[in-house]
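Heads up: the structure comes next, in structure tokens.
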2 protein chains.
Amino acid sequence: MDSRRAFFKKGVAGAIAGSLLGLSENELHAKPMAKKEDPFHLGIAGFSFVNFKLDESLAMMKKVNVHYLCIKDFHLPFNSTAEEIAAFHAKLKESDITGYAVGPIYTKNPKEIDAAFEYAKRVGVKLIVGIPNYDDLKYVDQKVKEYDIRYAIHNHGPEDKLYPNAASIYDRVKELDARVGICFDIGHNRRDNQDSVADLGKYAKRIFDLHLKNVTAASKDGKACELGRGVIDIPAFVKMLRKIKYPGVCSLEYEKDMKDPLAGIAESVGYFNGVCDAV
Amino acid sequence: MDSRRAFFKKGVAGAIAGSLLGLSENELHAKPMAKKEDPFHLGIAGFSFVNFKLDESLAMMKKVNVHYLCIKDFHLPFNSTAEEIAAFHAKLKESDITGYAVGPIYTKNPKEIDAAFEYAKRVGVKLIVGIPNYDDLKYVDQKVKEYDIRYAIHNHGPEDKLYPNAASIYDRVKELDARVGICFDIGHNRRDNQDSVADLGKYAKRIFDLHLKNVTAASKDGKACELGRGVIDIPAFVKMLRKIKYPGVCSLEYEKDMKDPLAGIAESVGYFNGVCDAV
């Protein structure tokens with residue numbers, strides 16, 4: 001239909017209303033879906049790109065339209081100079097990507113924790129994802145006060161002797177400074193046969209970062225899979241994210257097909273966005 | 001937690017209930033999301049793979065876990081022999097994929113329509129997606145009776161002089177045999193500034209096939225894009241699919257990055273599944 005015919009079909013009143021509002025034909029009629037404004041953002045955990053250089057990783061993120069990256073040291077080594085760090089951030093900015101945190105960083109003693117906080121400070125982020133020994137938790141407690149950088153401990157499932165699930169972290173940080181908390185890996189938590197939806201609600205105040213993923217079974221045999229193909233109910237999870245008004249990043253950590261992850265990452269990103277738009 | 005500890009934690013009653021039901025530890029505790037049973041299926045329109053051989057196309061479909069393909073002639077030529085058709089179906093079966101229809105097939109005269117119906121019959125499908133001239137519609141009407149094969153006319157947006165939108169098809173088929181209907185391209189319909197959600201409801205009885213896609217604008221300038229990134233409200237669309245109990249295939253026709261479409265296809269498949277799981 002040409003615009004003249006459309007004009008008459010729509011009627012003079014509609015056309016006048018449109019022109020009074022300064023709206024074109026299409027703006028009047030196109031009704032793009034109102035996207036929900038969430039306090040949380042989708043991101044990608046750097047480990048997803050363990051087999052890829054930074055440029056390749058950023059290209060994949062651009063392709064799937066994700067703008068937050070948790071920085072792993074294989075992309076930005078701990079001993080990076082100020083110039084290297086600046087160049088790193090400039091490169092991310094070119095792709096409209098923000099490096100919002102560093103880690104996971106495994107540490108064995110206070111000296112390595114010192115290094116992690118110094119690294120985070122030099123990188124300019126306010127969040128570290130880490131795995132400290134129990135003995136070093138008091139030290140971490142001092143460091144978050146000293147640096148005003150939050151520290152989120154990562155849970156790694158039934159094989160993890162220190163932090164198998166969110167509860168095991170919460171029990172050890174609940175009396176510490178409010179800046180010590182959890183990087184909640186919802187897949188490993190489920191592999192430890194915990195309810196990741198309920199736990200998100202339960203430990204909300206201490207959850208600073210999230211590893212978003214799904215797994216094929218609620219046991220140690222559970223394997224990483226595309227976000228929509230596992231046993232965790234992602235629509236229920238997103239409802240809980242909204243209920244607690246989670247203000248952080250949901251960082252997709254995709255650990256299947258790690259040598260060729262783009263399709264699985266894209267499917268997972270699409271799934272998460274679809275759920276967010278529909279819930 | 002080892003299974004012995006889990007046993008005691010869960011309590012004897014639960015364990016007994018589980019063993020009576022023949023359920024393992026994990027089956028008892030894993031609560032996979034109840035997937036909604038929809039009468040419709042996700043598929044892929046063959047044209048999405050215009051730059052790819054059949055094997056490559058099937059590999060992509062397998063990767064994204066989609067099991068229905070609308071067959072294009074570049075994958076199965078019109079002059080294929082019975083042996084070639086059998087080999088084609090066998091190859092699809094290896095990937096757990098069903099070729100559920102053929103087309104779109106453009107025809108200029110009754111002779112070409114004859115050929116299309118003969119082709120569909122030899123391929124063994126009960127649905128043709130086609131683009132006939134107005135003058136041939138009566139002939140199509142005879143052919144669907146003769147072959148008992150349904151014929152779905154495809155709309156192609158504002159540039160299409162014959163069938164820009166679903167309404168233009170409906171008006172011409174509504175008095176014909178009930179087996180003449182629409183392959184509803186929701187993207188081109190929206191590019192023609194029509195409401196694809198409302199139209200799905202309006203023309204439901206005559207919609208036999210769907211080209212699922214999204215577009216960047218409700219005008220002829222609208223470009224194909226990933227399913228979650230356009231102006232069509234896909235959650236509303238899925239609600240309408242459920243409302244009308246659409247019993248056919250929603251065939252993703254992905255026309256962006258056609259030389260490297262896998263990531264966009266995967267994102268779109270993920271998005272559709274996420275919406276279906278969440279709505």
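Ordering of the structure tokens sets the chain letters (A, B, ...); residue numbers start at 1 within each chain; ligands are numbered from 1 in the order shown.
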(request) Can you check which residues of chain A have any atom within 8 Å of chain B? Use only C-alpha atoms and format it as a ChimeraX atom specification. (result) /A:1,26,29-33,63-64,158,192-193,217-219,228,230-233,235,262-264,266-275,277-279
Export of the given selection (C-alpha atoms) as a PDB file, in the first residue's frame:
ATOM      1  CA  MET A   1       0.000   0.000   0.000  1.00  0.00           C
ATOM      2  CA  ASN A  26       5.533   3.943  10.771  1.00  0.00           C
ATOM      3  CA  HIS A  29       1.785   2.051  13.742  1.00  0.00           C
ATOM      4  CA  ALA A  30       4.964   0.256  14.762  1.00  0.00           C
ATOM      5  CA  LYS A  31       4.591  -0.949  18.302  1.00  0.00           C
ATOM      6  CA  PRO A  32       7.976  -2.235  19.335  1.00  0.00           C
ATOM      7  CA  MET A  33       7.777  -4.344  22.426  1.00  0.00           C
ATOM      8  CA  LYS A  63      28.035 -10.784  17.848  1.00  0.00           C
ATOM      9  CA  VAL A  64      25.682 -11.741  20.685  1.00  0.00           C
ATOM     10  CA  PRO A 158      30.375 -31.314  44.885  1.00  0.00           C
ATOM     11  CA  ASP A 192      25.594 -30.123  44.448  1.00  0.00           C
ATOM     12  CA  ASN A 193      21.867 -30.872  44.536  1.00  0.00           C
ATOM     13  CA  ALA A 217      21.624 -33.208  36.123  1.00  0.00           C
ATOM     14  CA  ALA A 218      21.457 -32.199  39.778  1.00  0.00           C
ATOM     15  CA  SER A 219      24.444 -34.359  40.668  1.00  0.00           C
ATOM     16  CA  GLY A 228      17.623 -23.628  28.054  1.00  0.00           C
ATOM     17  CA  GLY A 230      19.229 -28.118  31.656  1.00  0.00           C
ATOM     18  CA  VAL A 231      17.536 -28.913  34.932  1.00  0.00           C
ATOM     19  CA  ILE A 232      17.570 -25.385  36.363  1.00  0.00           C
ATOM     20  CA  ASP A 233      14.272 -23.597  35.758  1.00  0.00           C
ATOM     21  CA  PRO A 235      12.147 -18.611  34.068  1.00  0.00           C
ATOM     22  CA  LEU A 262      29.795 -19.288  19.843  1.00  0.00           C
ATOM     23  CA  ALA A 263      26.614 -21.155  18.888  1.00  0.00           C
ATOM     24  CA  GLY A 264      26.038 -22.330  22.455  1.00  0.00           C
ATOM     25  CA  ALA A 266      24.386 -17.318  21.303  1.00  0.00           C
ATOM     26  CA  GLU A 267      21.639 -19.831  22.077  1.00  0.00           C
ATOM     27  CA  SER A 268      22.092 -19.196  25.817  1.00  0.00           C
ATOM     28  CA  VAL A 269      22.050 -15.423  25.405  1.00  0.00           C
ATOM     29  CA  GLY A 270      18.937 -15.685  23.253  1.00  0.00           C
ATOM     30  CA  TYR A 271      17.284 -17.938  25.810  1.00  0.00           C
ATOM     31  CA  PHE A 272      18.024 -15.576  28.700  1.00  0.00           C
ATOM     32  CA  ASN A 273      16.743 -12.573  26.746  1.00  0.00           C
ATOM     33  CA  GLY A 274      13.647 -14.490  25.683  1.00  0.00           C
ATOM     34  CA  VAL A 275      12.876 -15.435  29.256  1.00  0.00           C
ATOM     35  CA  ASP A 277      11.189 -10.453  27.775  1.00  0.00           C
ATOM     36  CA  ALA A 278       8.444 -12.986  28.484  1.00  0.00           C
ATOM     37  CA  VAL A 279       8.412 -13.379  32.277  1.00  0.00           C
TER      38      VAL A 279
END
Tell me, which residues of region 155-228 of chain A carry DSSP strand (DSSP E or B), written as a compact mmCIF listing (two decimals) with C-alpha atoms, in the first residue's frame?
# COMPACT_ATOMS: atom_id res chain seq x y z
CA VAL A 180 32.55 -10.11 51.41
CA GLY A 181 30.03 -12.24 49.60
CA ILE A 182 29.27 -14.79 46.90
CA CYS A 183 29.83 -15.21 43.19
CA PHE A 184 26.90 -17.57 42.86
CA ASP A 185 27.60 -20.31 40.32
CA ILE A 207 25.37 -12.30 46.08
CA PHE A 208 27.57 -9.82 44.20
CA ASP A 209 28.12 -11.76 41.01
CA LEU A 210 26.53 -14.71 39.24
CA HIS A 211 27.74 -17.44 36.94
CA LEU A 212 24.74 -18.08 34.78
CA ASN A 214 22.64 -24.72 33.18
CA VAL A 215 23.53 -28.37 33.84
CA ALA A 224 27.39 -27.91 31.46
CA CYS A 225 24.84 -27.28 28.70
(message) Can you tell me which residues surround Gly103 (chain A) at a distance of at most 7 Å, considering only C-alpha atoms, apart from same-chain residues fewer than 2 positions away, and format the answer as JSON, numbers by chain?
(response) {"A": [70, 71, 72, 101, 105, 128, 129, 130]}
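When DSSP is run on the backbone, the residues of region 64-138 of chain B that fall into alpha helix (DSSP H) are B:Ala82, B:Glu83, B:Glu84, B:Ile85, B:Ala86, B:Ala87, B:Phe88, B:His89, B:Ala90, B:Lys91, B:Leu92, B:Lys93, B:Glu94, B:Pro110, B:Lys111, B:Glu112, B:Ile113, B:Asp114, B:Ala115, B:Ala116, B:Phe117, B:Glu118, B:Tyr119, B:Ala120, B:Lys121, B:Arg122, B:Val123, B:Leu137, B:Lys138.
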Restricting it to C-alpha atoms, dump the selection as a CSV table (one decimal), in the first residue's frame.
chain,number,residue,atom,x,y,z
B,82,ALA,CA,13.0,-41.5,-6.3
B,83,GLU,CA,16.4,-42.8,-5.2
B,84,GLU,CA,17.7,-39.3,-4.6
B,85,ILE,CA,14.6,-38.4,-2.6
B,86,ALA,CA,15.0,-41.6,-0.5
B,87,ALA,CA,18.6,-40.8,0.2
B,88,PHE,CA,17.6,-37.2,1.2
B,89,HIS,CA,15.1,-38.4,3.7
B,90,ALA,CA,17.5,-41.0,5.1
B,91,LYS,CA,20.1,-38.3,5.6
B,92,LEU,CA,17.6,-36.1,7.4
B,93,LYS,CA,16.6,-39.0,9.6
B,94,GLU,CA,20.2,-39.6,10.7
B,110,PRO,CA,-0.5,-24.1,-14.4
B,111,LYS,CA,2.2,-26.3,-15.8
B,112,GLU,CA,4.6,-25.2,-13.1
B,113,ILE,CA,1.9,-25.7,-10.5
B,114,ASP,CA,1.5,-29.2,-11.8
B,115,ALA,CA,5.2,-29.7,-11.3
B,116,ALA,CA,5.1,-28.4,-7.8
B,117,PHE,CA,2.3,-30.8,-6.8
B,118,GLU,CA,4.1,-33.7,-8.4
B,119,TYR,CA,7.3,-32.8,-6.7
B,120,ALA,CA,5.5,-32.6,-3.3
B,121,LYS,CA,3.9,-35.9,-3.9
B,122,ARG,CA,7.2,-37.6,-4.8
B,123,VAL,CA,8.9,-36.0,-1.8
B,137,LEU,CA,-5.6,-19.6,-7.9
B,138,LYS,CA,-8.6,-21.5,-9.2
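Distances here use only C-alpha atoms; by that measure, the residue among B:Ile131, B:Val125, B:His188, B:Lys143 closest to Asp221 (chain B) is B:His188.
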(message) So that I can check the surroundings of Lys213 (chain A), please list as a list in words every protein, DNA and RNA residue that reaches within 7 Å of it, counting only C-alpha atoms and ignoring chain neighbours fewer than 4 positions away.
(response) Ile186, Gly187, Leu227, Leu252, Glu253 and Tyr254 of chain A
Mind writing the picked residues with C-alpha atoms as a PDB file, in the first residue's frame?
ATOM      1  CA  ILE A 186      24.062 -21.575  39.829  1.00  0.00           C
ATOM      2  CA  GLY A 187      25.189 -24.608  37.826  1.00  0.00           C
ATOM      3  CA  LEU A 227      21.014 -22.333  29.212  1.00  0.00           C
ATOM      4  CA  LEU A 252      27.107 -16.443  31.405  1.00  0.00           C
ATOM      5  CA  GLU A 253      29.809 -19.015  31.974  1.00  0.00           C
ATOM      6  CA  TYR A 254      29.558 -21.383  29.058  1.00  0.00           C
TER       7      TYR A 254
END
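Nearest to Val249 (chain A) of all the residues A:Asn165, A:Ser48, A:Asn109, A:Thr98 is A:Thr98, counting only C-alpha atoms.
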(request) Identify, on the basis of only C-alpha atoms, every residue whose closest approach to Lys243 (chain B) does not exceed 12 Å; exclude the query and any residue fewer than 2 positions from it along the same chain; express the result as a ChimeraX atom specification. (result) /B:38-40,197-198,200-202,204,236-241,245-247,279
Print the selection's residues with N, CA and C atoms to a file, as a PDB file, in the first residue's frame.
ATOM      1  N   ASP B  38       3.451 -27.919  23.588  1.00  0.00           N
ATOM      2  CA  ASP B  38       2.755 -27.086  22.620  1.00  0.00           C
ATOM      3  C   ASP B  38       2.375 -27.898  21.398  1.00  0.00           C
ATOM      4  N   PRO B  39       1.263 -27.546  20.752  1.00  0.00           N
ATOM      5  CA  PRO B  39       0.924 -28.253  19.514  1.00  0.00           C
ATOM      6  C   PRO B  39       1.842 -27.841  18.365  1.00  0.00           C
ATOM      7  N   PHE B  40       2.528 -26.730  18.503  1.00  0.00           N
ATOM      8  CA  PHE B  40       3.423 -26.274  17.424  1.00  0.00           C
ATOM      9  C   PHE B  40       4.865 -26.695  17.708  1.00  0.00           C
ATOM     10  N   VAL B 197       0.890 -10.039  15.228  1.00  0.00           N
ATOM     11  CA  VAL B 197       0.265 -10.786  16.330  1.00  0.00           C
ATOM     12  C   VAL B 197      -1.249 -10.867  16.108  1.00  0.00           C
ATOM     13  N   ALA B 198      -1.859  -9.737  15.836  1.00  0.00           N
ATOM     14  CA  ALA B 198      -3.308  -9.717  15.584  1.00  0.00           C
ATOM     15  C   ALA B 198      -3.658 -10.553  14.350  1.00  0.00           C
ATOM     16  N   LEU B 200      -2.126 -13.113  13.123  1.00  0.00           N
ATOM     17  CA  LEU B 200      -2.052 -14.549  13.429  1.00  0.00           C
ATOM     18  C   LEU B 200      -3.394 -15.030  13.983  1.00  0.00           C
ATOM     19  N   GLY B 201      -3.969 -14.245  14.852  1.00  0.00           N
ATOM     20  CA  GLY B 201      -5.281 -14.592  15.395  1.00  0.00           C
ATOM     21  C   GLY B 201      -6.371 -14.525  14.341  1.00  0.00           C
ATOM     22  N   LYS B 202      -6.315 -13.468  13.547  1.00  0.00           N
ATOM     23  CA  LYS B 202      -7.378 -13.206  12.570  1.00  0.00           C
ATOM     24  C   LYS B 202      -7.456 -14.275  11.489  1.00  0.00           C
ATOM     25  N   ALA B 204      -5.996 -17.341  11.571  1.00  0.00           N
ATOM     26  CA  ALA B 204      -5.502 -18.609  12.135  1.00  0.00           C
ATOM     27  C   ALA B 204      -5.914 -19.831  11.330  1.00  0.00           C
ATOM     28  N   ALA B 236       4.210 -11.811  22.879  1.00  0.00           N
ATOM     29  CA  ALA B 236       2.793 -11.671  22.511  1.00  0.00           C
ATOM     30  C   ALA B 236       2.440 -12.629  21.376  1.00  0.00           C
ATOM     31  N   PHE B 237       3.377 -12.801  20.470  1.00  0.00           N
ATOM     32  CA  PHE B 237       3.161 -13.721  19.346  1.00  0.00           C
ATOM     33  C   PHE B 237       2.990 -15.162  19.838  1.00  0.00           C
ATOM     34  N   VAL B 238       3.843 -15.560  20.777  1.00  0.00           N
ATOM     35  CA  VAL B 238       3.754 -16.933  21.312  1.00  0.00           C
ATOM     36  C   VAL B 238       2.441 -17.114  22.082  1.00  0.00           C
ATOM     37  N   LYS B 239       2.036 -16.081  22.807  1.00  0.00           N
ATOM     38  CA  LYS B 239       0.732 -16.175  23.493  1.00  0.00           C
ATOM     39  C   LYS B 239      -0.385 -16.417  22.481  1.00  0.00           C
ATOM     40  N   MET B 240      -0.294 -15.727  21.352  1.00  0.00           N
ATOM     41  CA  MET B 240      -1.323 -15.918  20.321  1.00  0.00           C
ATOM     42  C   MET B 240      -1.234 -17.308  19.693  1.00  0.00           C
ATOM     43  N   LEU B 241      -0.006 -17.806  19.483  1.00  0.00           N
ATOM     44  CA  LEU B 241       0.146 -19.189  18.978  1.00  0.00           C
ATOM     45  C   LEU B 241      -0.585 -20.166  19.897  1.00  0.00           C
ATOM     46  N   LYS B 245      -4.029 -22.278  19.365  1.00  0.00           N
ATOM     47  CA  LYS B 245      -3.556 -23.675  19.325  1.00  0.00           C
ATOM     48  C   LYS B 245      -2.979 -24.018  17.951  1.00  0.00           C
ATOM     49  N   TYR B 246      -2.093 -23.156  17.480  1.00  0.00           N
ATOM     50  CA  TYR B 246      -1.463 -23.361  16.175  1.00  0.00           C
ATOM     51  C   TYR B 246      -0.813 -24.744  16.117  1.00  0.00           C
ATOM     52  N   PRO B 247      -1.221 -25.567  15.152  1.00  0.00           N
ATOM     53  CA  PRO B 247      -0.736 -26.955  15.152  1.00  0.00           C
ATOM     54  C   PRO B 247       0.419 -27.206  14.194  1.00  0.00           C
ATOM     55  N   VAL B 279       6.486 -17.912  28.919  1.00  0.00           N
ATOM     56  CA  VAL B 279       5.149 -17.311  28.752  1.00  0.00           C
ATOM     57  C   VAL B 279       4.111 -18.123  29.513  1.00  0.00           C
TER      58      VAL B 279
END
